[in-house]
file protein.csv (CSV, N, CA and C atoms)
chain,number,residue,atom,x,y,z
A,1,GLN,N,31.7,-88.1,96.3
A,1,GLN,CA,33.2,-87.9,96.4
A,1,GLN,C,33.7,-87.3,95.2
A,2,ILE,N,34.7,-86.4,95.4
A,2,ILE,CA,35.3,-85.8,94.2
A,2,ILE,C,36.8,-86.1,94.3
A,3,GLN,N,37.5,-85.9,93.2
A,3,GLN,CA,38.9,-86.2,93.1
A,3,GLN,C,39.7,-84.9,92.9
A,4,LEU,N,40.8,-84.8,93.5
A,4,LEU,CA,41.6,-83.6,93.3
A,4,LEU,C,43.1,-84.0,93.1
A,5,MET,N,43.8,-83.2,92.3
A,5,MET,CA,45.2,-83.4,92.0
A,5,MET,C,45.9,-82.1,91.9
A,6,GLU,N,46.9,-82.0,92.7
A,6,GLU,CA,47.8,-80.8,92.7
A,6,GLU,C,48.9,-80.9,91.8
A,7,SER,N,49.4,-79.8,91.2
A,7,SER,CA,50.6,-79.8,90.4
A,7,SER,C,51.2,-78.4,90.5
A,8,GLY,N,52.4,-78.3,90.0
A,8,GLY,CA,53.1,-77.0,90.0
A,8,GLY,C,54.1,-76.7,91.0
A,9,GLY,N,54.3,-77.7,92.0
A,9,GLY,CA,55.3,-77.5,93.0
A,9,GLY,C,56.7,-77.6,92.4
A,10,GLY,N,57.7,-77.2,93.2
A,10,GLY,CA,59.1,-77.3,92.7
A,10,GLY,C,60.0,-76.6,93.7
A,11,ALA,N,61.3,-76.6,93.3
A,11,ALA,CA,62.3,-75.9,94.1
A,11,ALA,C,62.6,-74.5,93.5
A,12,VAL,N,62.5,-73.5,94.2
A,12,VAL,CA,62.8,-72.1,93.7
A,12,VAL,C,63.6,-71.4,94.7
A,13,GLN,N,64.0,-70.2,94.3
A,13,GLN,CA,64.8,-69.4,95.2
A,13,GLN,C,63.9,-68.4,96.0
A,14,GLY,N,64.4,-68.0,97.1
A,14,GLY,CA,63.7,-67.0,97.9
A,14,GLY,C,63.5,-65.7,97.0
A,15,GLY,N,62.2,-65.2,97.2
A,15,GLY,CA,61.9,-64.1,96.4
A,15,GLY,C,61.2,-64.4,95.1
A,16,ASP,N,61.3,-65.6,94.7
A,16,ASP,CA,60.6,-66.1,93.4
A,16,ASP,C,59.1,-66.3,93.7
A,17,SER,N,58.4,-66.6,92.5
A,17,SER,CA,57.0,-66.8,92.6
A,17,SER,C,56.7,-68.2,92.0
A,18,LEU,N,55.5,-68.8,92.4
A,18,LEU,CA,55.2,-70.1,92.0
A,18,LEU,C,53.7,-70.2,91.8
A,19,SER,N,53.2,-70.9,90.9
A,19,SER,CA,51.8,-71.1,90.7
A,19,SER,C,51.4,-72.6,90.9
A,20,LEU,N,50.5,-72.9,91.8
A,20,LEU,CA,50.1,-74.2,92.0
A,20,LEU,C,48.7,-74.4,91.4
A,21,THR,N,48.4,-75.6,90.9
A,21,THR,CA,47.1,-75.9,90.3
A,21,THR,C,46.4,-77.0,91.0
A,22,CYS,N,45.1,-76.9,91.2
A,22,CYS,CA,44.3,-78.0,91.7
A,22,CYS,C,43.3,-78.4,90.7
A,23,ALA,N,43.4,-79.6,90.1
A,23,ALA,CA,42.5,-80.0,89.1
A,23,ALA,C,41.5,-81.0,89.8
A,24,GLY,N,40.2,-80.7,89.5
A,24,GLY,CA,39.2,-81.5,90.2
A,24,GLY,C,38.3,-82.2,89.2
A,25,SER,N,37.6,-83.2,89.7
A,25,SER,CA,36.7,-84.0,88.9
A,25,SER,C,35.6,-84.6,89.9
A,26,GLY,N,34.5,-84.9,89.3
A,26,GLY,CA,33.4,-85.4,90.1
A,26,GLY,C,32.2,-84.6,89.8
A,27,ASP,N,31.0,-85.2,90.0
A,27,ASP,CA,29.8,-84.6,89.6
A,27,ASP,C,29.5,-83.3,90.4
A,28,SER,N,29.9,-83.3,91.7
A,28,SER,CA,29.6,-82.1,92.5
A,28,SER,C,30.8,-81.2,92.8
A,29,TRP,N,31.8,-81.3,91.9
A,29,TRP,CA,33.0,-80.4,92.1
A,29,TRP,C,32.6,-79.0,92.3
A,30,ARG,N,31.8,-78.5,91.4
A,30,ARG,CA,31.6,-77.0,91.4
A,30,ARG,C,30.7,-76.5,92.6
A,31,ARG,N,30.2,-77.4,93.4
A,31,ARG,CA,29.5,-77.0,94.6
A,31,ARG,C,30.4,-77.0,95.8
A,32,HIS,N,31.6,-77.4,95.6
A,32,HIS,CA,32.6,-77.4,96.8
A,32,HIS,C,33.4,-76.2,96.9
A,33,ASP,N,33.5,-75.7,98.2
A,33,ASP,CA,34.6,-74.7,98.4
A,33,ASP,C,35.9,-75.4,98.3
A,34,ILE,N,36.9,-74.7,97.9
A,34,ILE,CA,38.2,-75.3,97.7
A,34,ILE,C,39.2,-74.5,98.7
A,35,GLY,N,40.0,-75.3,99.4
A,35,GLY,CA,41.0,-74.7,100.3
A,35,GLY,C,42.3,-75.2,100.0
A,36,TRP,N,43.3,-74.4,100.3
A,36,TRP,CA,44.7,-74.9,100.2
A,36,TRP,C,45.3,-74.9,101.6
A,37,PHE,N,46.0,-75.9,101.8
A,37,PHE,CA,46.7,-76.1,103.1
A,37,PHE,C,48.1,-76.5,102.9
A,38,ARG,N,49.0,-76.3,103.9
A,38,ARG,CA,50.3,-76.8,103.7
A,38,ARG,C,50.8,-77.5,105.0
A,39,GLN,N,51.6,-78.5,104.7
A,39,GLN,CA,52.2,-79.4,105.8
A,39,GLN,C,53.7,-79.1,105.8
A,40,VAL,N,54.2,-78.8,106.9
A,40,VAL,CA,55.6,-78.3,107.0
A,40,VAL,C,56.5,-79.5,107.5
A,41,SER,N,56.1,-80.2,108.5
A,41,SER,CA,57.0,-81.2,109.1
A,41,SER,C,56.2,-82.4,109.6
A,42,GLY,N,55.5,-83.0,108.7
A,42,GLY,CA,54.9,-84.3,109.1
A,42,GLY,C,53.6,-84.3,109.9
A,43,GLU,N,53.0,-83.1,110.0
A,43,GLU,CA,51.8,-83.0,110.8
A,43,GLU,C,50.7,-84.0,110.2
A,44,VAL,N,49.8,-84.4,111.0
A,44,VAL,CA,48.7,-85.2,110.5
A,44,VAL,C,47.7,-84.2,109.8
A,45,ARG,N,46.8,-84.8,109.1
A,45,ARG,CA,46.0,-84.0,108.2
A,45,ARG,C,45.3,-82.8,109.0
A,46,GLU,N,44.8,-83.2,110.2
A,46,GLU,CA,44.0,-82.2,111.0
A,46,GLU,C,44.9,-81.0,111.5
A,47,GLU,N,46.2,-81.2,111.4
A,47,GLU,CA,47.1,-80.1,111.9
A,47,GLU,C,47.7,-79.3,110.7
A,48,ARG,N,47.3,-79.6,109.5
A,48,ARG,CA,47.9,-78.8,108.4
A,48,ARG,C,47.5,-77.3,108.5
A,49,GLU,N,48.3,-76.5,108.1
A,49,GLU,CA,48.1,-75.1,108.1
A,49,GLU,C,47.3,-74.6,107.0
A,50,TRP,N,46.2,-73.9,107.3
A,50,TRP,CA,45.3,-73.3,106.3
A,50,TRP,C,46.0,-72.2,105.6
A,51,VAL,N,45.9,-72.1,104.3
A,51,VAL,CA,46.6,-71.0,103.5
A,51,VAL,C,45.5,-70.1,102.9
A,52,ALA,N,44.5,-70.7,102.2
A,52,ALA,CA,43.6,-69.9,101.5
A,52,ALA,C,42.4,-70.7,101.1
A,53,SER,N,41.2,-70.1,100.9
A,53,SER,CA,40.0,-70.8,100.4
A,53,SER,C,39.3,-69.9,99.4
A,54,ILE,N,38.5,-70.5,98.6
A,54,ILE,CA,37.6,-69.8,97.7
A,54,ILE,C,36.2,-70.4,97.7
A,55,SER,N,35.2,-69.6,97.8
A,55,SER,CA,33.8,-70.0,97.9
A,55,SER,C,33.3,-70.5,96.6
A,56,SER,N,32.6,-71.6,96.6
A,56,SER,CA,31.9,-72.1,95.4
A,56,SER,C,30.7,-71.3,95.1
A,57,ARG,N,30.1,-70.7,96.1
A,57,ARG,CA,28.8,-70.0,95.9
A,57,ARG,C,29.0,-68.6,95.4
A,58,THR,N,30.0,-67.9,96.1
A,58,THR,CA,30.1,-66.4,95.8
A,58,THR,C,31.4,-66.1,95.1
A,59,GLY,N,32.4,-67.0,95.1
A,59,GLY,CA,33.7,-66.7,94.6
A,59,GLY,C,34.6,-65.9,95.5
A,60,SER,N,34.1,-65.6,96.7
A,60,SER,CA,34.9,-64.9,97.7
A,60,SER,C,36.1,-65.6,98.1
A,61,THR,N,37.2,-64.9,98.3
A,61,THR,CA,38.5,-65.5,98.7
A,61,THR,C,38.9,-65.1,100.1
A,62,TYR,N,39.6,-66.0,100.8
A,62,TYR,CA,40.0,-65.8,102.1
A,62,TYR,C,41.4,-66.3,102.3
A,63,TYR,N,42.2,-65.6,103.1
A,63,TYR,CA,43.6,-65.9,103.3
A,63,TYR,C,44.0,-65.9,104.7
A,64,ALA,N,45.0,-66.7,105.0
A,64,ALA,CA,45.6,-66.7,106.3
A,64,ALA,C,46.4,-65.4,106.5
A,65,ALA,N,46.5,-64.9,107.7
A,65,ALA,CA,47.2,-63.6,107.9
A,65,ALA,C,48.7,-63.8,107.5
A,66,SER,N,49.2,-64.9,107.7
A,66,SER,CA,50.6,-65.1,107.5
A,66,SER,C,51.0,-65.0,106.0
A,67,VAL,N,50.0,-65.2,105.1
A,67,VAL,CA,50.3,-65.2,103.7
A,67,VAL,C,49.6,-64.0,102.9
A,68,LYS,N,48.8,-63.3,103.6
A,68,LYS,CA,47.9,-62.3,102.9
A,68,LYS,C,48.8,-61.3,102.2
A,69,GLY,N,48.5,-61.0,101.0
A,69,GLY,CA,49.3,-60.1,100.2
A,69,GLY,C,50.4,-60.8,99.4
A,70,ARG,N,50.6,-62.1,99.7
A,70,ARG,CA,51.6,-62.8,98.9
A,70,ARG,C,51.0,-64.1,98.2
A,71,VAL,N,49.7,-64.3,98.5
A,71,VAL,CA,49.1,-65.5,98.0
A,71,VAL,C,47.8,-65.1,97.4
A,72,TYR,N,47.4,-65.7,96.2
A,72,TYR,CA,46.2,-65.4,95.6
A,72,TYR,C,45.5,-66.7,95.1
A,73,ILE,N,44.3,-66.9,95.4
A,73,ILE,CA,43.6,-68.1,95.0
A,73,ILE,C,42.5,-67.7,94.0
A,74,SER,N,42.3,-68.5,93.0
A,74,SER,CA,41.3,-68.2,92.0
A,74,SER,C,40.9,-69.4,91.3
A,75,ARG,N,39.7,-69.3,90.7
A,75,ARG,CA,39.2,-70.4,89.8
A,75,ARG,C,39.5,-70.0,88.4
A,76,ASP,N,39.9,-71.0,87.7
A,76,ASP,CA,40.3,-70.8,86.3
A,76,ASP,C,39.1,-70.3,85.5
A,77,ALA,N,39.3,-69.2,84.7
A,77,ALA,CA,38.2,-68.6,84.0
A,77,ALA,C,37.7,-69.5,82.9
A,78,SER,N,38.6,-70.3,82.3
A,78,SER,CA,38.1,-71.1,81.2
A,78,SER,C,37.9,-72.6,81.6
A,79,ASP,N,38.4,-73.0,82.7
A,79,ASP,CA,38.2,-74.4,83.1
A,79,ASP,C,37.7,-74.4,84.6
A,80,LYS,N,36.4,-74.5,84.7
A,80,LYS,CA,35.8,-74.4,86.1
A,80,LYS,C,36.2,-75.5,87.0
A,81,ASN,N,36.9,-76.5,86.5
A,81,ASN,CA,37.3,-77.6,87.3
A,81,ASN,C,38.7,-77.4,87.9
A,82,THR,N,39.2,-76.2,87.7
A,82,THR,CA,40.6,-75.9,88.1
A,82,THR,C,40.7,-74.7,89.0
A,83,VAL,N,41.4,-74.8,90.1
A,83,VAL,CA,41.7,-73.7,91.0
A,83,VAL,C,43.2,-73.5,91.1
A,84,HIS,N,43.6,-72.3,91.1
A,84,HIS,CA,45.0,-71.9,91.1
A,84,HIS,C,45.3,-71.3,92.5
A,85,LEU,N,46.6,-71.4,92.8
A,85,LEU,CA,47.1,-70.7,94.0
A,85,LEU,C,48.4,-70.1,93.5
A,86,ARG,N,48.4,-68.8,93.5
A,86,ARG,CA,49.6,-68.1,93.1
A,86,ARG,C,50.4,-67.6,94.4
A,87,LEU,N,51.7,-67.9,94.5
A,87,LEU,CA,52.5,-67.5,95.6
A,87,LEU,C,53.6,-66.6,95.1
A,88,ILE,N,53.8,-65.5,95.7
A,88,ILE,CA,54.8,-64.5,95.3
A,88,ILE,C,55.7,-64.2,96.5
A,89,ASP,N,56.9,-63.7,96.2
A,89,ASP,CA,57.9,-63.3,97.2
A,89,ASP,C,58.1,-64.4,98.2
A,90,LEU,N,58.4,-65.6,97.7
A,90,LEU,CA,58.5,-66.8,98.6
A,90,LEU,C,59.7,-66.7,99.5
A,91,SER,N,59.6,-67.3,100.7
A,91,SER,CA,60.7,-67.4,101.6
A,91,SER,C,60.7,-68.8,102.2
A,92,GLY,N,61.8,-69.1,102.9
A,92,GLY,CA,61.9,-70.4,103.5
A,92,GLY,C,60.7,-70.9,104.3
A,93,GLU,N,60.0,-70.0,104.9
A,93,GLU,CA,58.9,-70.3,105.7
A,93,GLU,C,57.7,-70.9,104.9
A,94,ASP,N,57.8,-70.7,103.6
A,94,ASP,CA,56.8,-71.2,102.7
A,94,ASP,C,57.0,-72.6,102.2
A,95,THR,N,58.2,-73.2,102.6
A,95,THR,CA,58.5,-74.5,102.2
A,95,THR,C,57.5,-75.5,102.9
A,96,GLY,N,57.1,-76.5,102.1
A,96,GLY,CA,56.2,-77.5,102.6
A,96,GLY,C,55.5,-78.2,101.5
A,97,THR,N,54.6,-79.1,101.9
A,97,THR,CA,53.8,-79.8,100.9
A,97,THR,C,52.4,-79.1,100.9
A,98,TYR,N,52.0,-78.7,99.7
A,98,TYR,CA,50.8,-78.0,99.6
A,98,TYR,C,49.7,-78.9,99.1
A,99,TYR,N,48.5,-78.9,99.8
A,99,TYR,CA,47.4,-79.7,99.5
A,99,TYR,C,46.2,-78.8,99.1
A,100,CYS,N,45.4,-79.3,98.1
A,100,CYS,CA,44.1,-78.7,97.9
A,100,CYS,C,43.1,-79.6,98.5
A,101,ALA,N,42.0,-79.1,99.0
A,101,ALA,CA,40.9,-79.9,99.6
A,101,ALA,C,39.6,-79.3,99.3
A,102,ALA,N,38.6,-80.1,99.3
A,102,ALA,CA,37.2,-79.7,99.0
A,102,ALA,C,36.3,-79.9,100.1
A,103,ALA,N,35.4,-78.9,100.3
A,103,ALA,CA,34.4,-79.0,101.4
A,103,ALA,C,33.0,-78.5,100.9
A,104,LEU,N,32.0,-79.2,101.3
A,104,LEU,CA,30.7,-78.8,101.1
A,104,LEU,C,30.3,-78.0,102.4
A,105,GLY,N,29.6,-76.9,102.3
A,105,GLY,CA,29.2,-76.2,103.5
A,105,GLY,C,29.0,-74.8,103.3
A,106,GLY,N,29.7,-74.2,102.3
A,106,GLY,CA,29.5,-72.9,101.9
A,106,GLY,C,30.0,-71.8,102.8
A,107,TYR,N,30.9,-72.1,103.8
A,107,TYR,CA,31.5,-71.1,104.6
A,107,TYR,C,33.0,-71.0,104.6
A,108,CYS,N,33.6,-71.8,103.7
A,108,CYS,CA,35.1,-71.7,103.5
A,108,CYS,C,35.8,-71.8,104.8
A,109,SER,N,35.7,-72.9,105.5
A,109,SER,CA,36.3,-73.1,106.7
A,109,SER,C,37.8,-73.1,106.7
A,110,GLU,N,38.4,-72.7,107.8
A,110,GLU,CA,39.9,-72.7,107.9
A,110,GLU,C,40.4,-74.0,108.5
A,111,SER,N,39.5,-74.8,108.9
A,111,SER,CA,39.8,-76.1,109.6
A,111,SER,C,39.9,-77.2,108.6
A,112,PRO,N,41.0,-78.0,108.7
A,112,PRO,CA,41.2,-79.1,107.8
A,112,PRO,C,40.1,-80.2,108.0
A,113,VAL,N,39.6,-80.2,109.2
A,113,VAL,CA,38.6,-81.3,109.5
A,113,VAL,C,37.3,-81.1,108.7
A,114,ASP,N,37.1,-79.9,108.2
A,114,ASP,CA,35.8,-79.6,107.5
A,114,ASP,C,35.9,-80.0,106.0
A,115,TYR,N,37.1,-80.4,105.6
A,115,TYR,CA,37.3,-80.8,104.2
A,115,TYR,C,37.4,-82.3,104.1
A,116,GLY,N,36.5,-82.8,103.3
A,116,GLY,CA,36.4,-84.3,103.2
A,116,GLY,C,37.2,-84.9,102.1
A,117,ASP,N,37.6,-84.1,101.1
A,117,ASP,CA,38.3,-84.7,100.0
A,117,ASP,C,39.6,-84.0,99.8
A,118,TRP,N,40.7,-84.7,99.6
A,118,TRP,CA,42.1,-84.1,99.5
A,118,TRP,C,42.8,-84.7,98.3
A,119,GLY,N,43.7,-83.8,97.8
A,119,GLY,CA,44.7,-84.3,96.8
A,119,GLY,C,45.9,-85.0,97.5
A,120,GLN,N,46.8,-85.4,96.7
A,120,GLN,CA,48.0,-86.0,97.2
A,120,GLN,C,49.1,-85.1,97.6
A,121,GLY,N,49.0,-83.8,97.2
A,121,GLY,CA,50.0,-82.8,97.6
A,121,GLY,C,51.0,-82.6,96.6
A,122,THR,N,51.6,-81.4,96.6
A,122,THR,CA,52.7,-81.1,95.8
A,122,THR,C,53.8,-80.3,96.6
A,123,GLN,N,55.0,-80.7,96.5
A,123,GLN,CA,56.1,-80.2,97.3
A,123,GLN,C,56.6,-78.8,96.8
A,124,VAL,N,56.8,-77.9,97.7
A,124,VAL,CA,57.3,-76.6,97.4
A,124,VAL,C,58.5,-76.4,98.3
A,125,THR,N,59.7,-76.1,97.7
A,125,THR,CA,60.9,-76.0,98.5
A,125,THR,C,61.6,-74.6,98.1
A,126,ILE,N,61.8,-73.8,99.1
A,126,ILE,CA,62.4,-72.5,98.9
A,126,ILE,C,63.8,-72.5,99.4
A,127,SER,N,64.7,-72.1,98.6
A,127,SER,CA,66.1,-72.0,99.1
A,127,SER,C,66.6,-70.6,99.1
A,128,SER,N,67.4,-70.3,100.1
A,128,SER,CA,67.8,-68.9,100.2
A,128,SER,C,69.0,-68.6,99.3
call {"tool": "encode", "arguments": {"input": "protein.csv", "output": "structure tokens"}}
result
Amino acid sequence: QIQLMESGGGAVQGGDSLSLTCAGSGDSWRRHDIGWFRQVSGEVREEREWVASISSRTGSTYYAASVKGRVYISRDASDKNTVHLRLIDLSGEDTGTYYCAAALGGYCSESPVDYGDWGQGTQVTISS
């Protein structure tokens, strides 16, 4: 089991940018794919919307169509236990609680059920 903690959420204006951070720990952290999901209105974990993922094996990145071009996921170059999610040109539709999650499997699933470890989430609120 690994531990994850999100940070960087907050309240910003439409059109602004925000960077979220997922800090991980645990012996097998670096073998896990990391995904970001968001919860908009109280959905259960299995219904959270997938945003992006990064492969532990190849470093390849994957994005939901709804955010592609506005969201960027990356592993920190100096701290391999940290994954970033950069969001730009934010709108009200991006409001929600953002979670990072970890999965073993090597195929960067879009499904929340494939991710066994989750952080507590960080709230992002966009005002017009």
call {"tool": "closest_atom_pairs", "arguments": {"input": "protein.csv", "of": "stretch 60-107 of chain A", "to": "stretch 34-45 of chain A", "cutoff": "6 Å", "atoms": "all atoms listed in the file", "output": "CSV"}}
result
residue,atom,partner,partner_atom,distance
A:Thr95,C,A:Val40,CA,5.3
A:Gly96,CA,A:Gln39,C,4.4
A:Thr97,C,A:Gln39,N,3.9
A:Tyr98,CA,A:Arg38,CA,4.3
A:Tyr99,N,A:Phe37,C,3.9
A:Cys100,CA,A:Gly35,C,4.5
A:Ala101,C,A:Gly35,N,4.0
A:Ala102,CA,A:Ile34,CA,4.7
A:Ala103,N,A:Ile34,N,5.1
call {"tool": "closest_atom_pairs", "arguments": {"input": "protein.csv", "of": "stretch 10-56 of chain A", "to": "stretch 76-86 of chain A", "cutoff": "6.5 Å", "atoms": "all atoms listed in the file", "output": "JSON lines"}}
result
{"residue": "A:Leu18", "atom": "C", "partner": "A:Arg86", "partner_atom": "CA", "distance": 4.8}
{"residue": "A:Ser19", "atom": "CA", "partner": "A:Arg86", "partner_atom": "CA", "distance": 4.4}
{"residue": "A:Leu20", "atom": "N", "partner": "A:Leu85", "partner_atom": "C", "distance": 3.9}
{"residue": "A:Thr21", "atom": "CA", "partner": "A:His84", "partner_atom": "CA", "distance": 4.6}
{"residue": "A:Cys22", "atom": "N", "partner": "A:Val83", "partner_atom": "C", "distance": 3.9}
{"residue": "A:Ala23", "atom": "CA", "partner": "A:Thr82", "partner_atom": "CA", "distance": 4.6}
{"residue": "A:Gly24", "atom": "N", "partner": "A:Asn81", "partner_atom": "C", "distance": 4.0}
{"residue": "A:Ser25", "atom": "N", "partner": "A:Asn81", "partner_atom": "CA", "distance": 6.1}
call {"tool": "closest_residue", "arguments": {"input": "protein.csv", "among": "A:Gly116, A:Gly14, A:Gly105, A:Gly92", "to": "A:Ile2", "atoms": "all atoms listed in the file"}}
result
A:Gly116
call {"tool": "atom_distance", "arguments": {"input": "protein.csv", "atom1": "atom CA of A:Asp114", "atom2": "atom CA of A:Lys68"}}
result
21.6 Å
call {"tool": "select_by_dssp", "arguments": {"input": "protein.csv", "residues": "stretch 44-91 of chain A", "states": "strand (DSSP E or B)", "output": "list in words"}}
result
Glu49, Trp50, Val51, Ala52, Ser53, Ile54, Thr61, Tyr62, Tyr63, Lys68, Val71, Tyr72, Ile73, Ser74, Arg75, Thr82, Val83, His84, Leu85, Arg86 and Leu87 of chain A
call {"tool": "decode", "arguments": {"input": "protein.csv", "residues": "stretch 114-128 of chain A", "atoms": "N, CA, C and O atoms", "output": "PDB file, in the first residue's frame"}}
result
ATOM      1  N   ASP A 114      -9.837   0.631 -11.014  1.00  0.00           N
ATOM      2  CA  ASP A 114      -8.521   0.014 -11.191  1.00  0.00           C
ATOM      3  C   ASP A 114      -7.450   0.644 -10.311  1.00  0.00           C
ATOM      4  O   ASP A 114      -6.308   0.195 -10.311  1.00  0.00           O
ATOM      5  N   TYR A 115      -7.820   1.668  -9.580  1.00  0.00           N
ATOM      6  CA  TYR A 115      -6.875   2.369  -8.718  1.00  0.00           C
ATOM      7  C   TYR A 115      -7.164   2.003  -7.270  1.00  0.00           C
ATOM      8  O   TYR A 115      -8.251   2.247  -6.766  1.00  0.00           O
ATOM      9  N   GLY A 116      -6.170   1.438  -6.618  1.00  0.00           N
ATOM     10  CA  GLY A 116      -6.399   0.919  -5.278  1.00  0.00           C
ATOM     11  C   GLY A 116      -6.080   1.876  -4.151  1.00  0.00           C
ATOM     12  O   GLY A 116      -6.572   1.714  -3.035  1.00  0.00           O
ATOM     13  N   ASP A 117      -5.268   2.866  -4.423  1.00  0.00           N
ATOM     14  CA  ASP A 117      -4.864   3.801  -3.373  1.00  0.00           C
ATOM     15  C   ASP A 117      -5.220   5.215  -3.793  1.00  0.00           C
ATOM     16  O   ASP A 117      -4.937   5.611  -4.938  1.00  0.00           O
ATOM     17  N   TRP A 118      -5.790   5.962  -2.868  1.00  0.00           N
ATOM     18  CA  TRP A 118      -6.292   7.298  -3.163  1.00  0.00           C
ATOM     19  C   TRP A 118      -5.859   8.286  -2.089  1.00  0.00           C
ATOM     20  O   TRP A 118      -5.698   7.941  -0.915  1.00  0.00           O
ATOM     21  N   GLY A 119      -5.709   9.526  -2.515  1.00  0.00           N
ATOM     22  CA  GLY A 119      -5.504  10.595  -1.558  1.00  0.00           C
ATOM     23  C   GLY A 119      -6.841  11.096  -1.039  1.00  0.00           C
ATOM     24  O   GLY A 119      -7.901  10.578  -1.399  1.00  0.00           O
ATOM     25  N   GLN A 120      -6.795  12.125  -0.208  1.00  0.00           N
ATOM     26  CA  GLN A 120      -7.996  12.674   0.406  1.00  0.00           C
ATOM     27  C   GLN A 120      -8.675  13.728  -0.458  1.00  0.00           C
ATOM     28  O   GLN A 120      -9.806  14.131  -0.173  1.00  0.00           O
ATOM     29  N   GLY A 121      -7.989  14.198  -1.489  1.00  0.00           N
ATOM     30  CA  GLY A 121      -8.592  15.169  -2.390  1.00  0.00           C
ATOM     31  C   GLY A 121      -8.249  16.604  -2.044  1.00  0.00           C
ATOM     32  O   GLY A 121      -7.936  16.933  -0.893  1.00  0.00           O
ATOM     33  N   THR A 122      -8.301  17.452  -3.059  1.00  0.00           N
ATOM     34  CA  THR A 122      -8.095  18.881  -2.870  1.00  0.00           C
ATOM     35  C   THR A 122      -9.156  19.615  -3.686  1.00  0.00           C
ATOM     36  O   THR A 122      -9.420  19.268  -4.838  1.00  0.00           O
ATOM     37  N   GLN A 123      -9.773  20.610  -3.087  1.00  0.00           N
ATOM     38  CA  GLN A 123     -10.899  21.298  -3.703  1.00  0.00           C
ATOM     39  C   GLN A 123     -10.418  22.392  -4.646  1.00  0.00           C
ATOM     40  O   GLN A 123      -9.553  23.201  -4.302  1.00  0.00           O
ATOM     41  N   VAL A 124     -11.030  22.413  -5.823  1.00  0.00           N
ATOM     42  CA  VAL A 124     -10.770  23.462  -6.812  1.00  0.00           C
ATOM     43  C   VAL A 124     -12.104  24.134  -7.126  1.00  0.00           C
ATOM     44  O   VAL A 124     -13.075  23.464  -7.497  1.00  0.00           O
ATOM     45  N   THR A 125     -12.153  25.441  -6.954  1.00  0.00           N
ATOM     46  CA  THR A 125     -13.376  26.185  -7.201  1.00  0.00           C
ATOM     47  C   THR A 125     -13.085  27.313  -8.178  1.00  0.00           C
ATOM     48  O   THR A 125     -12.187  28.124  -7.929  1.00  0.00           O
ATOM     49  N   ILE A 126     -13.834  27.338  -9.262  1.00  0.00           N
ATOM     50  CA  ILE A 126     -13.641  28.364 -10.290  1.00  0.00           C
ATOM     51  C   ILE A 126     -14.847  29.292 -10.285  1.00  0.00           C
ATOM     52  O   ILE A 126     -15.983  28.847 -10.400  1.00  0.00           O
ATOM     53  N   SER A 127     -14.592  30.542 -10.166  1.00  0.00           N
ATOM     54  CA  SER A 127     -15.673  31.531 -10.185  1.00  0.00           C
ATOM     55  C   SER A 127     -15.568  32.366 -11.455  1.00  0.00           C
ATOM     56  O   SER A 127     -14.478  32.627 -11.956  1.00  0.00           O
ATOM     57  N   SER A 128     -16.713  32.740 -11.973  1.00  0.00           N
ATOM     58  CA  SER A 128     -16.729  33.502 -13.214  1.00  0.00           C
ATOM     59  C   SER A 128     -16.552  34.985 -12.958  1.00  0.00           C
ATOM     60  O   SER A 128     -16.673  35.459 -11.849  1.00  0.00           O
TER      61      SER A 128
END
